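Have a look at run.pdb; it's PDB, C-alpha atoms:
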```
ATOM      1  CA  MET G   1     156.361 206.758 100.362
ATOM      2  CA  ASN G   2     158.507 209.862 100.880
ATOM      3  CA  ASP G   3     161.121 210.378 103.602
ATOM      4  CA  MET G   4     158.902 212.748 105.612
ATOM      5  CA  VAL G   5     156.150 210.146 105.943
ATOM      6  CA  ASP G   6     158.698 207.445 106.744
ATOM      7  CA  THR G   7     160.196 209.575 109.523
ATOM      8  CA  ARG G   8     156.799 210.435 110.996
ATOM      9  CA  THR G   9     155.713 206.784 110.943
ATOM     10  CA  ALA G  10     158.956 205.673 112.565
ATOM     11  CA  GLY G  11     158.619 208.363 115.223
ATOM     12  CA  THR G  12     155.066 207.318 116.024
ATOM     13  CA  GLY G  13     156.147 203.704 116.397
ATOM     14  CA  LEU G  14     159.026 204.647 118.674
ATOM     15  CA  ALA G  15     156.761 206.828 120.811
ATOM     16  CA  LYS G  16     154.298 203.975 121.259
ATOM     17  CA  ARG G  17     157.052 201.542 122.232
ATOM     18  CA  VAL G  18     158.512 203.978 124.763
ATOM     19  CA  ARG G  19     155.156 204.934 126.238
ATOM     20  CA  ASP G  20     153.874 201.376 126.465
ATOM     21  CA  GLY G  21     157.121 200.066 127.923
ATOM     22  CA  PHE G  22     157.451 202.873 130.450
ATOM     23  CA  LEU G  23     153.848 202.615 131.660
ATOM     24  CA  GLN G  24     154.087 198.838 131.918
ATOM     25  CA  ASP G  25     157.240 199.117 134.009
ATOM     26  CA  ARG G  26     155.561 201.697 136.260
ATOM     27  CA  ARG G  27     152.801 199.169 136.920
ATOM     28  CA  GLU G  28     155.084 196.174 137.376
ATOM     29  CA  LEU G  29     158.193 197.695 138.964
ATOM     30  CA  GLY G  30     156.782 200.823 140.557
ATOM     31  CA  PRO G  31     157.302 204.487 139.605
ATOM     32  CA  ALA G  32     160.772 204.882 141.146
ATOM     33  CA  GLU G  33     162.220 201.753 139.566
ATOM     34  CA  ALA G  34     160.689 202.585 136.188
ATOM     35  CA  ALA G  35     162.204 206.070 136.393
ATOM     36  CA  ASP G  36     165.617 204.573 137.154
ATOM     37  CA  LYS G  37     165.330 202.243 134.173
ATOM     38  CA  TRP G  38     164.029 204.683 131.592
ATOM     39  CA  PHE G  39     165.018 208.185 132.666
ATOM     40  CA  ALA G  40     168.123 207.992 134.865
ATOM     41  CA  PRO G  41     170.526 207.291 131.961
ATOM     42  CA  LEU G  42     169.074 210.216 129.998
ATOM     43  CA  MET G  43     169.275 212.492 133.047
ATOM     44  CA  ASP G  44     172.940 211.605 133.485
ATOM     45  CA  ARG G  45     173.557 212.303 129.812
ATOM     46  CA  TRP G  46     171.659 215.620 130.087
ATOM     47  CA  ASN G  47     173.919 216.742 132.928
ATOM     48  CA  GLY G  48     176.989 215.719 130.980
ATOM     49  CA  LEU G  49     175.904 217.611 127.876
ATOM     50  CA  LEU G  50     175.182 220.744 129.927
ATOM     51  CA  SER G  51     178.766 220.691 131.184
ATOM     52  CA  ARG G  52     180.313 220.998 127.733
ATOM     53  CA  ASP G  53     179.601 222.886 124.534
ATOM     54  CA  GLU G  54     179.492 220.000 122.098
ATOM     55  CA  GLY G  55     177.629 216.793 121.515
ATOM     56  CA  GLY G  56     173.965 215.991 121.735
ATOM     57  CA  PHE G  57     171.364 213.274 121.987
ATOM     58  CA  SER G  58     170.693 210.701 119.297
ATOM     59  CA  HIS G  59     167.381 210.797 117.436
ATOM     60  CA  GLU G  60     166.066 207.918 119.556
ATOM     61  CA  GLU G  61     167.145 209.619 122.770
ATOM     62  CA  ARG G  62     165.458 212.872 121.750
ATOM     63  CA  ALA G  63     162.204 211.128 120.922
ATOM     64  CA  THR G  64     162.352 209.120 124.152
ATOM     65  CA  LEU G  65     162.933 212.256 126.214
ATOM     66  CA  ALA G  66     159.938 213.951 124.610
ATOM     67  CA  VAL G  67     157.687 211.017 125.491
ATOM     68  CA  LEU G  68     158.965 210.666 129.068
ATOM     69  CA  MET G  69     158.762 214.374 129.931
ATOM     70  CA  THR G  70     155.193 214.390 128.627
ATOM     71  CA  GLU G  71     154.081 211.252 130.433
ATOM     72  CA  CYS G  72     155.830 212.240 133.675
ATOM     73  CA  LEU G  73     156.039 215.985 134.340
ATOM     74  CA  SER G  74     158.426 215.463 137.256
ATOM     75  CA  MET G  75     160.998 214.376 134.671
ATOM     76  CA  ARG G  76     160.384 217.585 132.746
ATOM     77  CA  ASP G  77     160.865 219.582 135.956
ATOM     78  CA  ALA G  78     164.125 217.775 136.749
ATOM     79  CA  LEU G  79     165.498 218.650 133.303
ATOM     80  CA  ILE G  80     164.556 222.302 133.771
ATOM     81  CA  LEU G  81     165.987 222.647 137.272
ATOM     82  CA  ALA G  82     169.235 220.964 136.247
ATOM     83  CA  ALA G  83     169.515 223.555 133.472
ATOM     84  CA  LEU G  84     169.248 226.458 135.923
ATOM     85  CA  ARG G  85     172.081 225.331 138.148
ATOM     86  CA  GLU G  86     174.232 222.267 138.726
ATOM     87  CA  MET G  87     172.380 220.038 141.163
ATOM     88  CA  ASP G  88     173.360 217.064 143.276
ATOM     89  CA  GLY G  89     172.511 213.734 141.667
ATOM     90  CA  GLY G  90     170.628 212.553 144.721
ATOM     91  CA  GLU G  91     168.495 215.675 144.719
ATOM     92  CA  LEU G  92     167.659 215.240 141.050
ATOM     93  CA  HIS G  93     166.830 211.571 141.575
ATOM     94  CA  MET G  94     164.381 212.511 144.297
ATOM     95  CA  LEU G  95     162.682 214.979 141.931
ATOM     96  CA  TYR G  96     161.926 212.509 139.170
ATOM     97  CA  ALA G  97     161.735 209.205 141.080
ATOM     98  CA  LYS G  98     159.804 210.420 144.136
ATOM     99  CA  PRO G  99     157.944 213.499 142.884
ATOM    100  CA  HIS G 100     155.133 213.213 145.439
ATOM    101  CA  SER G 101     157.397 213.272 148.484
ATOM    102  CA  MET G 102     157.347 216.372 150.686
ATOM    103  CA  GLU G 103     161.072 216.874 150.082
ATOM    104  CA  SER G 104     160.680 216.800 146.311
ATOM    105  CA  ALA G 105     157.746 219.199 146.341
ATOM    106  CA  ALA G 106     159.697 221.577 148.578
ATOM    107  CA  VAL G 107     162.675 221.627 146.201
ATOM    108  CA  VAL G 108     160.510 222.329 143.144
ATOM    109  CA  MET G 109     158.585 225.097 144.899
ATOM    110  CA  ARG G 110     161.762 226.679 146.242
ATOM    111  CA  GLU G 111     163.624 226.643 142.957
ATOM    112  CA  LEU G 112     160.737 227.873 140.825
ATOM    113  CA  SER G 113     159.662 230.575 143.278
ATOM    114  CA  ARG G 114     163.188 231.979 143.350
ATOM    115  CA  ALA G 115     162.743 232.924 139.714
ATOM    116  CA  PHE G 116     159.994 235.362 140.742
ATOM    117  CA  LYS G 117     161.166 236.485 144.184
ATOM    118  CA  ASP G 118     164.922 236.187 144.698
ATOM    119  CA  ALA G 119     166.887 238.962 142.999
ATOM    120  CA  ALA G 120     170.130 237.414 144.229
ATOM    121  CA  TYR G 121     169.448 234.211 142.308
ATOM    122  CA  GLN G 122     170.722 234.126 138.751
ATOM    123  CA  PRO G 123     170.583 230.949 136.687
ATOM    124  CA  ASP G 124     173.711 229.512 135.131
ATOM    125  CA  THR G 125     173.682 231.256 131.746
ATOM    126  CA  ARG G 126     175.864 228.736 129.943
ATOM    127  CA  ARG G 127     173.862 225.746 131.173
ATOM    128  CA  GLY G 128     170.631 227.485 130.249
ATOM    129  CA  GLU G 129     171.773 228.270 126.718
ATOM    130  CA  ARG G 130     172.983 224.721 126.199
ATOM    131  CA  ALA G 131     169.742 223.288 127.600
ATOM    132  CA  THR G 132     167.666 225.539 125.344
ATOM    133  CA  ALA G 133     169.517 224.297 122.276
ATOM    134  CA  LEU G 134     169.087 220.681 123.367
ATOM    135  CA  LEU G 135     165.369 221.183 124.007
ATOM    136  CA  GLU G 136     164.968 222.736 120.567
ATOM    137  CA  SER G 137     166.424 219.547 119.093
ATOM    138  CA  VAL G 138     164.175 217.395 121.290
ATOM    139  CA  THR G 139     161.137 219.355 120.099
ATOM    140  CA  ALA G 140     162.170 218.962 116.468
ATOM    141  CA  ASP G 141     162.466 215.174 116.810
ATOM    142  CA  ALA G 142     159.491 214.706 119.137
ATOM    143  CA  PRO G 143     156.795 212.416 117.718
ATOM    144  CA  ASP G 144     153.360 213.865 117.042
ATOM    145  CA  GLY G 145     151.588 214.564 120.318
ATOM    146  CA  TYR G 146     154.795 214.972 122.303
ATOM    147  CA  LYS G 147     156.109 218.369 121.236
ATOM    148  CA  ALA G 148     154.293 220.668 123.668
ATOM    149  CA  GLN G 149     156.196 219.885 126.879
ATOM    150  CA  PRO G 150     159.746 220.193 125.471
ATOM    151  CA  MET G 151     158.685 223.388 123.705
ATOM    152  CA  ALA G 152     157.172 224.802 126.910
ATOM    153  CA  SER G 153     160.345 223.883 128.809
ATOM    154  CA  CYS G 154     162.367 225.756 126.220
ATOM    155  CA  ALA G 155     160.005 228.726 126.628
ATOM    156  CA  TYR G 156     160.541 228.735 130.400
ATOM    157  CA  LEU G 157     164.338 228.717 130.068
ATOM    158  CA  LEU G 158     164.169 231.553 127.544
ATOM    159  CA  TRP G 159     162.021 233.545 129.978
ATOM    160  CA  MET G 160     164.549 232.844 132.739
ATOM    161  CA  ALA G 161     167.252 234.197 130.417
ATOM    162  CA  ASP G 162     165.183 237.408 130.106
ATOM    163  CA  ARG G 163     164.273 236.691 126.490
ATOM    164  CA  SER G 164     160.548 237.204 126.919
ATOM    165  CA  THR G 165     159.669 237.668 123.242
ATOM    166  CA  ALA G 166     161.280 234.404 122.181
ATOM    167  CA  ALA G 167     159.758 232.727 125.244
ATOM    168  CA  ALA G 168     156.261 233.945 124.365
ATOM    169  CA  VAL G 169     156.570 232.684 120.776
ATOM    170  CA  ARG G 170     157.412 229.177 121.957
ATOM    171  CA  ALA G 171     154.784 229.266 124.682
ATOM    172  CA  LEU G 172     152.139 230.119 122.078
ATOM    173  CA  LYS G 173     153.297 227.274 119.861
ATOM    174  CA  ALA G 174     153.159 224.873 122.808
ATOM    175  CA  LEU G 175     149.620 225.985 123.664
ATOM    176  CA  ALA G 176     148.554 225.559 120.051
ATOM    177  CA  LEU G 177     149.633 221.937 120.384
ATOM    178  CA  ASP G 178     148.198 221.429 123.879
ATOM    179  CA  ASP G 179     145.953 224.100 125.348
ATOM    180  CA  ASP G 180     146.208 222.433 128.772
ATOM    181  CA  CYS G 181     149.985 222.934 128.986
ATOM    182  CA  SER G 182     150.167 224.877 132.259
ATOM    183  CA  LEU G 183     153.886 225.646 131.971
ATOM    184  CA  ALA G 184     153.350 227.328 128.610
ATOM    185  CA  SER G 185     150.410 229.274 130.071
ATOM    186  CA  LEU G 186     152.611 230.474 132.936
ATOM    187  CA  VAL G 187     155.352 231.658 130.584
ATOM    188  CA  LEU G 188     152.906 233.380 128.258
ATOM    189  CA  ALA G 189     151.151 235.172 131.130
ATOM    190  CA  ALA G 190     154.471 236.365 132.557
ATOM    191  CA  SER G 191     155.612 237.602 129.149
ATOM    192  CA  GLU G 192     152.337 239.370 128.349
ATOM    193  CA  HIS G 193     152.268 241.145 131.727
ATOM    194  CA  GLY G 194     155.885 242.235 131.576
ATOM    195  CA  ILE G 195     156.907 240.006 134.481
ATOM    196  CA  ARG G 196     160.624 239.352 134.305
ATOM    197  CA  PRO G 197     162.840 237.042 136.363
ATOM    198  CA  ALA G 198     163.705 238.551 139.735
ATOM    199  CA  TRP G 199     167.437 238.504 138.997
ATOM    200  CA  THR G 200     166.989 241.158 136.300
ATOM    201  CA  GLU G 201     166.176 243.709 139.035
ATOM    202  CA  ARG G 202     169.902 244.097 139.662
ATOM    203  CA  ARG G 203     170.447 244.960 136.019
ATOM    204  CA  ARG G 204     167.681 247.595 136.043
ATOM    205  CA  HIS G 205     169.140 249.566 138.972
TER     206      HIS G 205
END
```

Before anything else, please render the file you have as structure tokens.
Amino acid sequence: MNDMVDTRTAGTGLAKRVRDGFLQDRRELGPAEAADKWFAPLMDRWNGLLSRDEGGFSHEERATLAVLMTECLSMRDALILAALREMDGGELHMLYAKPHSMESAAVVMRELSRAFKDAAYQPDTRRGERATALLESVTADAPDGYKAQPMASCAYLLWMADRSTAAAVRALKALALDDDCSLASLVLAASEHGIRPAWTERRRH
């Protein structure tokens, strides 16, 4: 058996272990406690990696992130928002551990709508570039069936950086993997209709 098949088989096994363990803990411990157990350490590491220009996740961490951000979209959203600007740990915890709370929904809506409406809001360029590189590595190591969400997240950050062509390419790839990926659809629609982040208005005048 060649190395490629070995890697794919190992990745599939890891994905199943992560998914099964995470879903079991959600049933037995509750969503918030399961998020603290499985995602909080990775979220802390994500924030740390965005604050410096070196280092990265291990293969197991990358595969685990891909599974978690697919099974729980609030975790995907927390990763994206933390890449746009440095956020308080308590605020991030609310996003991924209590995604259905009114406070969490308000934060997500506010932050994402600013991209389209607030010309004074510019994402942290360095954090965004670092996050994009990390998400590319997560996508590369994601097990089969878990590549679409990290790829769509990468597409969104590229669109936020005003790199619409690169964003559209990744959005198309994400949709080819999962045609129900709404984040990829959003990015592709914005790119195809020439919709750019609101902050670029300042650069055009």

Would you compute an axis-aligned box for segment 116-131 of chain G, covering every atom listed for it in the file with 5 Å of margin on each side, and report centre and edge lengths in Å to one decimal as lines of an AutoDock Vina configuration file?
```
center_x = 167.9
center_y = 231.1
center_z = 135.4
size_x = 25.9
size_y = 25.7
size_z = 28.5
```

Problem set entry | Chain and number of each residue from the PyMOL selection byres ((chain G and resi 101-112) around 10), as a list in words |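 That selection, the PyMOL selection byres ((chain G and resi 101-112) around 10), comes back as Ser74, Asp77, Ala78, Ile80, Leu81, Leu84, Arg85, Glu91, Leu92, His93, Met94, Leu95, Tyr96, Ala97, Lys98, Pro99, His100, Ser113, Arg114, Ala115, Phe116, Lys117, Asp118 and Tyr121 of chain G.
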
For this session: I need the residue set behind the PyMOL selection byres ((chain G and resi 71) around 12) for this file; please write it as a PyMOL selection string.
Result: chain G and resi 15-16+18-23+26+31+35+38-39+64-70+72-76+96+145-150

Problem set entry | Selection under test: the PyMOL selection byres ((chain G and resi 141-143) around 6); residues as a list in words | Gly11, Thr12, Ala63, Ala66, Val138, Thr139, Ala140, Asp144, Tyr146 and Lys147 of chain G

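Proximity ranking of G:Gly13, G:Ser137, G:Asp53, G:Met151 relative to Ala166 of chain G places G:Met151 first, based on all atoms listed in the file.
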
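With all atoms listed in the file as the basis for measurement, G:Glu129 is the residue among G:Asp178, G:Glu54, G:Glu129, G:Glu60 that approaches Trp159 of chain G most closely.
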
Keeping just N, CA and C atoms, export segment 90-128 of chain G of this structure as a CSV table (one decimal), in the first residue's frame.
```
chain,number,residue,atom,x,y,z
G,90,GLY,N,-13.3,35.9,26.4
G,90,GLY,CA,-14.7,35.6,26.8
G,90,GLY,C,-15.7,35.8,25.7
G,91,GLU,N,-15.4,36.8,24.8
G,91,GLU,CA,-16.3,37.0,23.7
G,91,GLU,C,-16.2,35.8,22.7
G,92,LEU,N,-15.0,35.3,22.5
G,92,LEU,CA,-14.8,34.2,21.6
G,92,LEU,C,-15.5,32.9,22.2
G,93,HIS,N,-15.3,32.7,23.5
G,93,HIS,CA,-15.9,31.6,24.1
G,93,HIS,C,-17.4,31.6,24.0
G,94,MET,N,-18.0,32.7,24.1
G,94,MET,CA,-19.5,32.8,23.9
G,94,MET,C,-19.9,32.4,22.5
G,95,LEU,N,-19.0,32.8,21.5
G,95,LEU,CA,-19.4,32.5,20.1
G,95,LEU,C,-19.4,31.0,19.8
G,96,TYR,N,-18.4,30.3,20.3
G,96,TYR,CA,-18.4,28.8,20.0
G,96,TYR,C,-19.1,27.9,21.0
G,97,ALA,N,-19.2,28.4,22.3
G,97,ALA,CA,-19.8,27.5,23.3
G,97,ALA,C,-21.3,27.8,23.5
G,98,LYS,N,-21.7,29.0,23.2
G,98,LYS,CA,-23.1,29.4,23.3
G,98,LYS,C,-23.6,30.1,22.1
G,99,PRO,N,-23.5,29.4,20.9
G,99,PRO,CA,-23.8,30.1,19.6
G,99,PRO,C,-25.2,30.5,19.5
G,100,HIS,N,-26.2,29.9,20.2
G,100,HIS,CA,-27.6,30.2,20.1
G,100,HIS,C,-28.1,31.3,21.0
G,101,SER,N,-27.1,31.8,21.8
G,101,SER,CA,-27.5,32.9,22.7
G,101,SER,C,-27.7,34.2,21.9
G,102,MET,N,-28.6,35.1,22.4
G,102,MET,CA,-28.8,36.4,21.7
G,102,MET,C,-27.5,37.2,21.6
G,103,GLU,N,-26.7,37.1,22.6
G,103,GLU,CA,-25.5,37.9,22.6
G,103,GLU,C,-24.5,37.4,21.5
G,104,SER,N,-24.4,36.1,21.4
G,104,SER,CA,-23.5,35.5,20.4
G,104,SER,C,-24.0,35.9,19.0
G,105,ALA,N,-25.3,35.7,18.8
G,105,ALA,CA,-25.9,36.0,17.5
G,105,ALA,C,-25.6,37.5,17.1
G,106,ALA,N,-25.7,38.4,18.1
G,106,ALA,CA,-25.6,39.8,17.9
G,106,ALA,C,-24.1,40.1,17.5
G,107,VAL,N,-23.2,39.4,18.1
G,107,VAL,CA,-21.7,39.7,17.8
G,107,VAL,C,-21.4,39.2,16.4
G,108,VAL,N,-21.9,38.0,16.0
G,108,VAL,CA,-21.7,37.5,14.7
G,108,VAL,C,-22.3,38.4,13.6
G,109,MET,N,-23.5,38.8,13.8
G,109,MET,CA,-24.2,39.7,12.8
G,109,MET,C,-23.5,41.0,12.7
G,110,ARG,N,-23.1,41.6,13.9
G,110,ARG,CA,-22.4,42.9,13.8
G,110,ARG,C,-21.1,42.8,13.1
G,111,GLU,N,-20.3,41.8,13.4
G,111,GLU,CA,-18.9,41.7,12.8
G,111,GLU,C,-19.0,41.4,11.3
G,112,LEU,N,-19.9,40.5,11.0
G,112,LEU,CA,-20.0,40.2,9.5
G,112,LEU,C,-20.6,41.3,8.7
G,113,SER,N,-21.6,42.0,9.3
G,113,SER,CA,-22.2,43.1,8.5
G,113,SER,C,-21.3,44.2,8.3
G,114,ARG,N,-20.3,44.4,9.2
G,114,ARG,CA,-19.4,45.5,9.1
G,114,ARG,C,-18.6,45.4,7.8
G,115,ALA,N,-18.3,44.1,7.4
G,115,ALA,CA,-17.6,43.9,6.2
G,115,ALA,C,-18.2,44.5,5.0
G,116,PHE,N,-19.6,44.6,5.0
G,116,PHE,CA,-20.3,45.1,3.9
G,116,PHE,C,-20.7,46.6,4.0
G,117,LYS,N,-20.8,47.1,5.3
G,117,LYS,CA,-21.4,48.4,5.5
G,117,LYS,C,-20.5,49.4,6.1
G,118,ASP,N,-19.5,49.0,6.8
G,118,ASP,CA,-18.7,50.0,7.6
G,118,ASP,C,-17.3,50.3,6.9
G,119,ALA,N,-17.3,51.4,6.3
G,119,ALA,CA,-16.0,51.7,5.6
G,119,ALA,C,-14.9,52.1,6.5
G,120,ALA,N,-15.2,52.4,7.8
G,120,ALA,CA,-14.2,52.7,8.7
G,120,ALA,C,-13.6,51.4,9.3
G,121,TYR,N,-14.2,50.3,9.1
G,121,TYR,CA,-13.7,49.0,9.6
G,121,TYR,C,-12.7,48.3,8.7
G,122,GLN,N,-11.5,48.2,9.1
G,122,GLN,CA,-10.5,47.4,8.3
G,122,GLN,C,-10.0,46.3,9.1
G,123,PRO,N,-10.0,45.1,8.6
G,123,PRO,CA,-9.5,43.9,9.3
G,123,PRO,C,-8.0,44.0,9.5
G,124,ASP,N,-7.5,43.3,10.5
G,124,ASP,CA,-6.1,43.3,10.8
G,124,ASP,C,-5.4,42.5,9.7
G,125,THR,N,-4.7,43.2,8.8
G,125,THR,CA,-4.1,42.5,7.7
G,125,THR,C,-3.1,41.4,8.0
G,126,ARG,N,-2.3,41.6,9.0
G,126,ARG,CA,-1.3,40.6,9.4
G,126,ARG,C,-2.0,39.4,9.9
G,127,ARG,N,-3.0,39.5,10.8
G,127,ARG,CA,-3.7,38.4,11.3
G,127,ARG,C,-4.4,37.6,10.2
G,128,GLY,N,-5.0,38.4,9.3
G,128,GLY,CA,-5.7,37.8,8.2
G,128,GLY,C,-4.8,36.9,7.3
```
